[in-house]
$ cat work-v4.tsv   # TSV, C-alpha atoms
chain	number	residue	atom	x	y	z
A	1	MET	CA	19.17	-1.39	-9.64
A	2	THR	CA	16.42	-1.28	-7.02
A	3	THR	CA	13.70	-3.88	-7.54
A	4	THR	CA	10.28	-2.78	-6.31
A	5	LEU	CA	6.92	-4.55	-6.23
A	6	ILE	CA	3.69	-2.59	-5.87
A	7	SER	CA	0.40	-4.33	-5.14
A	8	GLY	CA	-2.76	-2.93	-6.73
A	9	ALA	CA	-0.64	-1.11	-9.31
A	10	ASN	CA	-2.73	-1.43	-12.45
A	11	ARG	CA	-4.43	1.95	-11.87
A	12	GLY	CA	-4.68	4.98	-9.62
A	13	LEU	CA	-2.07	5.60	-6.97
A	14	GLY	CA	-0.26	2.30	-7.48
A	15	TYR	CA	0.11	3.00	-11.18
A	16	GLU	CA	1.43	6.49	-10.53
A	17	MET	CA	3.89	5.20	-7.93
A	18	ALA	CA	5.14	2.71	-10.51
A	19	ARG	CA	5.49	5.43	-13.15
A	20	GLN	CA	7.49	7.70	-10.89
A	21	LEU	CA	9.74	4.94	-9.61
A	22	ILE	CA	10.51	3.72	-13.13
A	23	GLU	CA	11.36	7.32	-13.99
A	24	ALA	CA	13.70	7.31	-10.98
A	25	GLY	CA	15.53	4.30	-12.41
A	26	GLN	CA	13.98	1.43	-10.48
A	27	LYS	CA	12.91	-1.93	-11.87
A	28	VAL	CA	9.22	-2.11	-10.97
A	29	TRP	CA	6.91	-5.10	-10.80
A	30	VAL	CA	3.27	-4.16	-11.26
A	31	ALA	CA	1.19	-6.56	-9.17
A	32	ALA	CA	-2.56	-6.76	-9.77
A	33	ARG	CA	-5.41	-9.16	-9.11
A	34	ASP	CA	-6.76	-8.86	-12.66
A	35	ALA	CA	-4.13	-10.34	-14.99
A	36	GLU	CA	-5.38	-8.69	-18.19
A	37	ASN	CA	-5.54	-5.18	-16.73
A	38	GLY	CA	-2.28	-5.70	-14.90
A	39	ARG	CA	-0.40	-6.76	-18.02
A	40	LYS	CA	-1.77	-3.83	-20.00
A	41	ALA	CA	-0.70	-1.42	-17.26
A	42	ALA	CA	2.77	-2.96	-17.10
A	43	GLU	CA	3.16	-2.70	-20.88
A	44	ARG	CA	2.20	0.97	-20.83
A	45	LEU	CA	4.69	1.66	-18.05
A	46	GLY	CA	7.54	-0.50	-19.28
A	47	ALA	CA	7.31	-2.55	-16.08
A	48	ASP	CA	7.19	-6.26	-15.30
A	49	PHE	CA	3.91	-7.86	-14.29
A	50	VAL	CA	2.98	-10.47	-11.72
A	51	GLN	CA	-0.54	-11.60	-10.87
A	52	LEU	CA	-1.25	-11.07	-7.18
A	53	ASP	CA	-4.50	-11.39	-5.26
A	54	VAL	CA	-3.63	-10.36	-1.72
A	55	THR	CA	-6.60	-12.32	-0.33
A	56	ASP	CA	-5.41	-15.64	-1.81
A	57	ASP	CA	-2.52	-17.66	-0.36
A	58	ALA	CA	-1.84	-19.55	-3.59
A	59	SER	CA	-1.70	-16.34	-5.63
A	60	VAL	CA	0.69	-14.70	-3.18
A	61	ASP	CA	2.93	-17.77	-3.02
A	62	ALA	CA	3.05	-17.95	-6.83
A	63	ALA	CA	4.03	-14.28	-7.01
A	64	VAL	CA	6.86	-14.89	-4.56
A	65	GLU	CA	8.15	-17.77	-6.67
A	66	THR	CA	8.00	-15.65	-9.82
A	67	LEU	CA	10.15	-12.95	-8.26
A	68	ARG	CA	12.48	-15.50	-6.68
A	69	ALA	CA	13.11	-17.03	-10.10
A	70	GLN	CA	13.39	-13.80	-12.08
A	71	ALA	CA	14.84	-11.31	-9.59
A	72	GLY	CA	16.29	-13.34	-6.71
A	73	HIS	CA	15.47	-10.64	-4.17
A	74	LEU	CA	13.14	-7.71	-3.49
A	75	ASP	CA	14.41	-4.32	-2.36
A	76	VAL	CA	11.10	-2.53	-1.84
A	77	LEU	CA	7.59	-3.87	-1.24
A	78	ILE	CA	4.77	-1.34	-1.42
A	79	ASN	CA	1.55	-2.70	0.07
A	80	ASN	CA	-0.83	-0.45	-1.86
A	81	ALA	CA	-3.78	-2.77	-2.59
A	82	GLY	CA	-6.87	-1.72	-0.68
A	83	ILE	CA	-10.63	-1.48	-0.91
A	84	LEU	CA	-13.23	0.92	0.48
A	85	GLY	CA	-15.87	-1.78	0.89
A	86	GLU	CA	-19.57	-1.20	1.34
A	87	VAL	CA	-20.16	2.13	3.02
A	88	ALA	CA	-22.50	1.81	6.00
A	89	ALA	CA	-23.22	3.93	9.05
A	90	PRO	CA	-21.59	2.39	12.14
A	91	ASP	CA	-24.96	1.53	13.67
A	92	LYS	CA	-25.96	-0.35	10.50
A	93	MET	CA	-22.62	-2.00	9.83
A	94	THR	CA	-22.35	-5.79	10.00
A	95	ALA	CA	-19.41	-7.97	10.91
A	96	ASP	CA	-19.34	-9.36	7.37
A	97	GLN	CA	-19.00	-5.87	5.90
A	98	VAL	CA	-16.04	-5.14	8.16
A	99	ARG	CA	-14.47	-8.55	7.53
A	100	HIS	CA	-14.60	-7.97	3.78
A	101	VAL	CA	-12.59	-4.74	4.09
A	102	TYR	CA	-10.11	-6.22	6.56
A	103	GLU	CA	-9.51	-9.25	4.32
A	104	THR	CA	-7.81	-7.01	1.76
A	105	ASN	CA	-6.59	-4.02	3.75
A	106	VAL	CA	-5.26	-5.80	6.84
A	107	PHE	CA	-5.04	-9.58	6.38
A	108	GLY	CA	-3.88	-9.13	2.78
A	109	LEU	CA	-1.08	-6.84	3.92
A	110	VAL	CA	0.02	-9.38	6.53
A	111	ARG	CA	-0.20	-12.25	4.04
A	112	VAL	CA	1.92	-10.47	1.43
A	113	THR	CA	4.47	-9.14	3.91
A	114	HIS	CA	4.96	-12.54	5.53
A	115	ALA	CA	5.36	-14.28	2.17
A	116	PHE	CA	7.87	-11.79	0.74
A	117	LEU	CA	10.06	-11.43	3.84
A	118	PRO	CA	12.61	-14.03	2.67
A	119	LEU	CA	13.10	-12.19	-0.64
A	120	LEU	CA	13.30	-8.87	1.18
A	121	ARG	CA	15.95	-10.23	3.51
A	122	ALA	CA	17.99	-11.22	0.46
A	123	ALA	CA	18.31	-7.50	-0.42
A	124	ALA	CA	20.96	-5.14	0.92
A	125	VAL	CA	18.57	-2.50	2.31
A	126	PRO	CA	15.06	-4.02	2.32
A	127	SER	CA	12.09	-1.74	2.76
A	128	VAL	CA	8.34	-2.22	3.18
A	129	ILE	CA	6.00	0.71	2.59
A	130	ASN	CA	2.41	0.34	3.75
A	131	VAL	CA	-0.23	2.70	2.37
A	132	THR	CA	-2.34	3.94	5.25
A	133	SER	CA	-4.83	6.83	5.48
A	134	GLY	CA	-5.57	9.84	7.60
A	135	LEU	CA	-9.04	8.31	7.92
A	136	GLY	CA	-7.43	5.90	10.36
A	137	SER	CA	-5.94	8.68	12.48
A	138	PHE	CA	-7.65	9.21	15.84
A	139	THR	CA	-6.44	12.82	15.85
A	140	LEU	CA	-7.51	13.79	12.35
A	141	VAL	CA	-10.96	12.22	12.33
A	142	GLN	CA	-11.83	14.30	15.41
A	143	ASP	CA	-10.50	17.57	14.02
A	144	PRO	CA	-13.40	19.46	12.34
A	145	LYS	CA	-10.89	21.44	10.28
A	146	ARG	CA	-9.67	18.28	8.55
A	147	VAL	CA	-11.41	16.58	5.65
A	148	GLU	CA	-10.92	13.22	7.39
A	149	SER	CA	-13.50	14.22	10.01
A	150	GLN	CA	-16.22	14.49	7.35
A	151	TYR	CA	-16.27	10.81	6.33
A	152	PRO	CA	-17.76	8.26	8.79
A	153	LEU	CA	-16.01	5.29	7.16
A	154	ALA	CA	-15.74	3.01	10.17
A	155	ALA	CA	-14.65	-0.17	8.38
A	156	TYR	CA	-12.14	1.47	6.06
A	157	GLY	CA	-10.84	3.92	8.66
A	158	SER	CA	-10.32	1.28	11.33
A	159	SER	CA	-8.59	-0.96	8.81
A	160	LYS	CA	-6.09	1.82	8.18
A	161	SER	CA	-5.60	2.32	11.92
A	162	ALA	CA	-4.62	-1.36	11.95
A	163	VAL	CA	-2.25	-0.84	9.00
A	164	THR	CA	-0.44	1.92	10.89
A	165	MET	CA	-0.12	-0.14	14.07
A	166	LEU	CA	1.07	-3.18	12.13
A	167	THR	CA	3.73	-1.03	10.47
A	168	VAL	CA	5.05	0.17	13.82
A	169	GLN	CA	4.99	-3.35	15.28
A	170	TYR	CA	6.84	-4.78	12.26
A	171	ALA	CA	9.43	-2.02	12.56
A	172	LYS	CA	10.01	-2.82	16.24
A	173	ALA	CA	10.21	-6.58	15.72
A	174	ILE	CA	12.15	-6.78	12.43
A	175	PRO	CA	15.11	-4.38	12.57
A	176	ASP	CA	16.78	-5.80	9.45
A	177	VAL	CA	13.87	-4.54	7.28
A	178	ARG	CA	12.71	-0.91	7.19
A	179	PHE	CA	8.94	-0.54	7.68
A	180	ASN	CA	7.14	2.74	7.08
A	181	ALA	CA	3.54	3.85	6.52
A	182	VAL	CA	2.53	6.62	4.13
A	183	ASP	CA	-0.73	8.49	3.68
A	184	PRO	CA	-1.41	9.68	0.12
A	185	GLY	CA	-4.16	12.00	1.37
A	186	GLN	CA	-7.41	12.59	-0.47
A	187	THR	CA	-6.34	11.91	-4.05
A	188	ALA	CA	-8.44	12.32	-7.19
A	189	THR	CA	-8.76	8.70	-8.34
A	190	GLU	CA	-11.66	6.34	-9.00
A	191	PHE	CA	-11.35	5.32	-5.35
A	192	THR	CA	-12.36	8.81	-4.14
A	193	GLY	CA	-14.74	9.69	-6.94
A	194	ARG	CA	-12.07	11.96	-8.46
A	195	ILE	CA	-12.09	14.28	-5.44
A	196	GLY	CA	-8.84	15.62	-4.01
A	197	HIS	CA	-5.33	16.57	-5.08
A	198	SER	CA	-3.54	15.12	-8.09
A	199	VAL	CA	-2.40	11.52	-8.29
A	200	GLU	CA	1.14	12.81	-8.72
A	201	GLU	CA	0.88	14.51	-5.32
A	202	GLY	CA	-0.77	11.44	-3.80
A	203	ALA	CA	2.15	9.22	-4.81
A	204	GLU	CA	4.74	11.61	-3.38
A	205	ALA	CA	5.10	10.18	0.12
A	206	ALA	CA	5.54	6.58	-1.03
A	207	VAL	CA	7.98	7.52	-3.80
A	208	ARG	CA	10.08	9.55	-1.37
A	209	ILE	CA	10.48	6.64	1.03
A	210	ALA	CA	11.06	4.15	-1.79
A	211	THR	CA	14.00	6.16	-3.14
A	212	LEU	CA	15.91	6.79	0.11
A	213	GLY	CA	18.03	3.64	-0.17
A	214	PRO	CA	20.41	3.24	2.79
A	215	ASN	CA	18.94	6.40	4.35
A	216	THR	CA	15.48	4.83	4.68
A	217	PRO	CA	14.15	5.26	8.24
A	218	THR	CA	11.92	2.74	9.99
A	219	GLY	CA	8.76	3.03	12.03
A	220	THR	CA	7.63	6.35	10.52
A	221	VAL	CA	4.13	7.43	9.49
A	222	THR	CA	4.13	10.34	7.05
A	223	ASP	CA	2.22	12.12	4.32
A	224	ARG	CA	3.64	14.46	1.69
A	225	ALA	CA	3.83	17.30	4.25
A	226	GLY	CA	5.66	15.38	6.97
A	227	VAL	CA	4.81	13.40	10.10
A	228	LEU	CA	1.18	12.32	10.29
A	229	PRO	CA	-0.49	12.69	13.71
A	230	TRP	CA	-2.09	9.58	15.22

$ encode --input "work-v4.tsv" --output "structure tokens"
Amino acid sequence: MTTTLISGANRGLGYEMARQLIEAGQKVWVAARDAENGRKAAERLGADFVQLDVTDDASVDAAVETLRAQAGHLDVLINNAGILGEVAAPDKMTADQVRHVYETNVFGLVRVTHAFLPLLRAAAVPSVINVTSGLGSFTLVQDPKRVESQYPLAAYGSSKSAVTMLTVQYAKAIPDVRFNAVDPGQTATEFTGRIGHSVEEGAEAAVRIATLGPNTPTGTVTDRAGVLPW
């Protein structure tokens, strides 16, 4: 049985990814910063729970040890945890505002990926799926026909550009682990103010990659419709 861990899975897209993957027969670990909410979400889903704050080394290390003891390996890691941060026009934005977003969206992803690599390498076909965004696409944010061009989210958007590049660099450097980035698109969750397509549709791209097994590619960046332009 495939063992999958999803960060930020107590609600929204992460929760829906967990639901669909459990339905597909996977053993899912719901990882969340808030232990109470995370446990409640896991109970509702029939998943396992592990506390995980992607910005905290001790929390990440403890999560690794929990999975090492109880699972022995990790087949799929979905780096879903992310924050929008304080929205500010680029000319008003401070370094601290950007740093706050990057701490979760970029440094948190690196921290978690680095820590879980040994458990991933203990799996037969290890896979890492990083949740990116079209708001980090140079092509889409300059296309007036695309919704991504309507949101001047410099901190968040640039953090997702970094997520995509990190994914490609990991894929090039670590051939024994499959690395892919997925864009859920504008999905109607608390994160977007309930604007966009359904959460079921938003989870599609990640669930597809997470269920490919030995056919999982590496170095791809996709949304539910196919290859995402960058």

$ atom_distance --input "work-v4.tsv" --atom1 "CA of Arg121 (chain A)" --atom2 "CA of Ser161 (chain A)"
26.3 Å

$ residues_around --input "work-v4.tsv" --residues "Ala205 (chain A)" --least-positions-apart "6" --cutoff "10 Å" --atoms "all atoms listed in the file" --output "PyMOL selection string"
chain A and resi 17+129+131+181-185+221-226

$ write_last_selection --input "work-v4.tsv" --atoms "C-alpha atoms" --output "short mmCIF file (atom, residue, chain, number, x, y, z; two decimals), in the frame of the given file"
data_model
loop_
_atom_site.label_atom_id
_atom_site.label_comp_id
_atom_site.auth_asym_id
_atom_site.auth_seq_id
_atom_site.Cartn_x
_atom_site.Cartn_y
_atom_site.Cartn_z
CA MET A 17 3.89 5.20 -7.93
CA ILE A 129 6.00 0.71 2.59
CA VAL A 131 -0.23 2.70 2.37
CA ALA A 181 3.54 3.85 6.52
CA VAL A 182 2.53 6.62 4.13
CA ASP A 183 -0.73 8.49 3.68
CA PRO A 184 -1.41 9.68 0.12
CA GLY A 185 -4.16 12.00 1.37
CA VAL A 221 4.13 7.43 9.49
CA THR A 222 4.13 10.34 7.05
CA ASP A 223 2.22 12.12 4.32
CA ARG A 224 3.64 14.46 1.69
CA ALA A 225 3.83 17.30 4.25
CA GLY A 226 5.66 15.38 6.97
#

$ atom_distance --input "work-v4.tsv" --atom1 "CA of Met1 (chain A)" --atom2 "CA of Asp61 (chain A)"
24.0 Å

$ atom_distance --input "work-v4.tsv" --atom1 "CA of Pro90 (chain A)" --atom2 "CA of Gly136 (chain A)"
14.7 Å

$ closest_residue --input "work-v4.tsv" --among "A:Ala63, A:Val76, A:Leu84, A:Leu140" --to "Ala122 (chain A)" --atoms "only C-alpha atoms"
A:Val76

$ decode --input "work-v4.tsv" --residues "region 209-221 of chain A" --atoms "N, CA and C atoms" --output "short mmCIF file (atom, residue, chain, number, x, y, z; two decimals), in the first residue's frame"
data_model
loop_
_atom_site.label_atom_id
_atom_site.label_comp_id
_atom_site.auth_asym_id
_atom_site.auth_seq_id
_atom_site.Cartn_x
_atom_site.Cartn_y
_atom_site.Cartn_z
N ILE A 209 -0.79 12.69 -10.15
CA ILE A 209 0.63 12.36 -10.03
C ILE A 209 0.87 11.36 -8.90
N ALA A 210 0.14 11.53 -7.80
CA ALA A 210 0.36 10.67 -6.63
C ALA A 210 -0.08 9.24 -6.84
N THR A 211 -0.86 8.97 -7.88
CA THR A 211 -1.36 7.63 -8.12
C THR A 211 -0.76 6.96 -9.35
N LEU A 212 0.31 7.53 -9.90
CA LEU A 212 0.93 6.96 -11.10
C LEU A 212 1.91 5.83 -10.81
N GLY A 213 2.34 5.70 -9.56
CA GLY A 213 3.24 4.62 -9.18
C GLY A 213 4.51 4.59 -10.02
N PRO A 214 4.87 3.44 -10.58
CA PRO A 214 6.11 3.33 -11.37
C PRO A 214 6.10 4.17 -12.64
N ASN A 215 4.93 4.65 -13.04
CA ASN A 215 4.84 5.49 -14.24
C ASN A 215 4.97 6.98 -13.94
N THR A 216 5.30 7.31 -12.70
CA THR A 216 5.44 8.72 -12.32
C THR A 216 6.60 9.36 -13.07
N PRO A 217 6.36 10.49 -13.74
CA PRO A 217 7.45 11.19 -14.43
C PRO A 217 8.29 11.97 -13.42
N THR A 218 9.22 12.76 -13.90
CA THR A 218 9.95 13.66 -13.01
C THR A 218 10.27 14.94 -13.75
N GLY A 219 10.28 16.04 -13.00
CA GLY A 219 10.61 17.33 -13.59
C GLY A 219 9.47 17.99 -14.33
N THR A 220 8.22 17.57 -14.09
CA THR A 220 7.09 18.16 -14.81
C THR A 220 6.41 19.24 -13.96
N VAL A 221 5.74 20.15 -14.65
CA VAL A 221 4.94 21.19 -14.01
C VAL A 221 3.59 21.20 -14.72
#
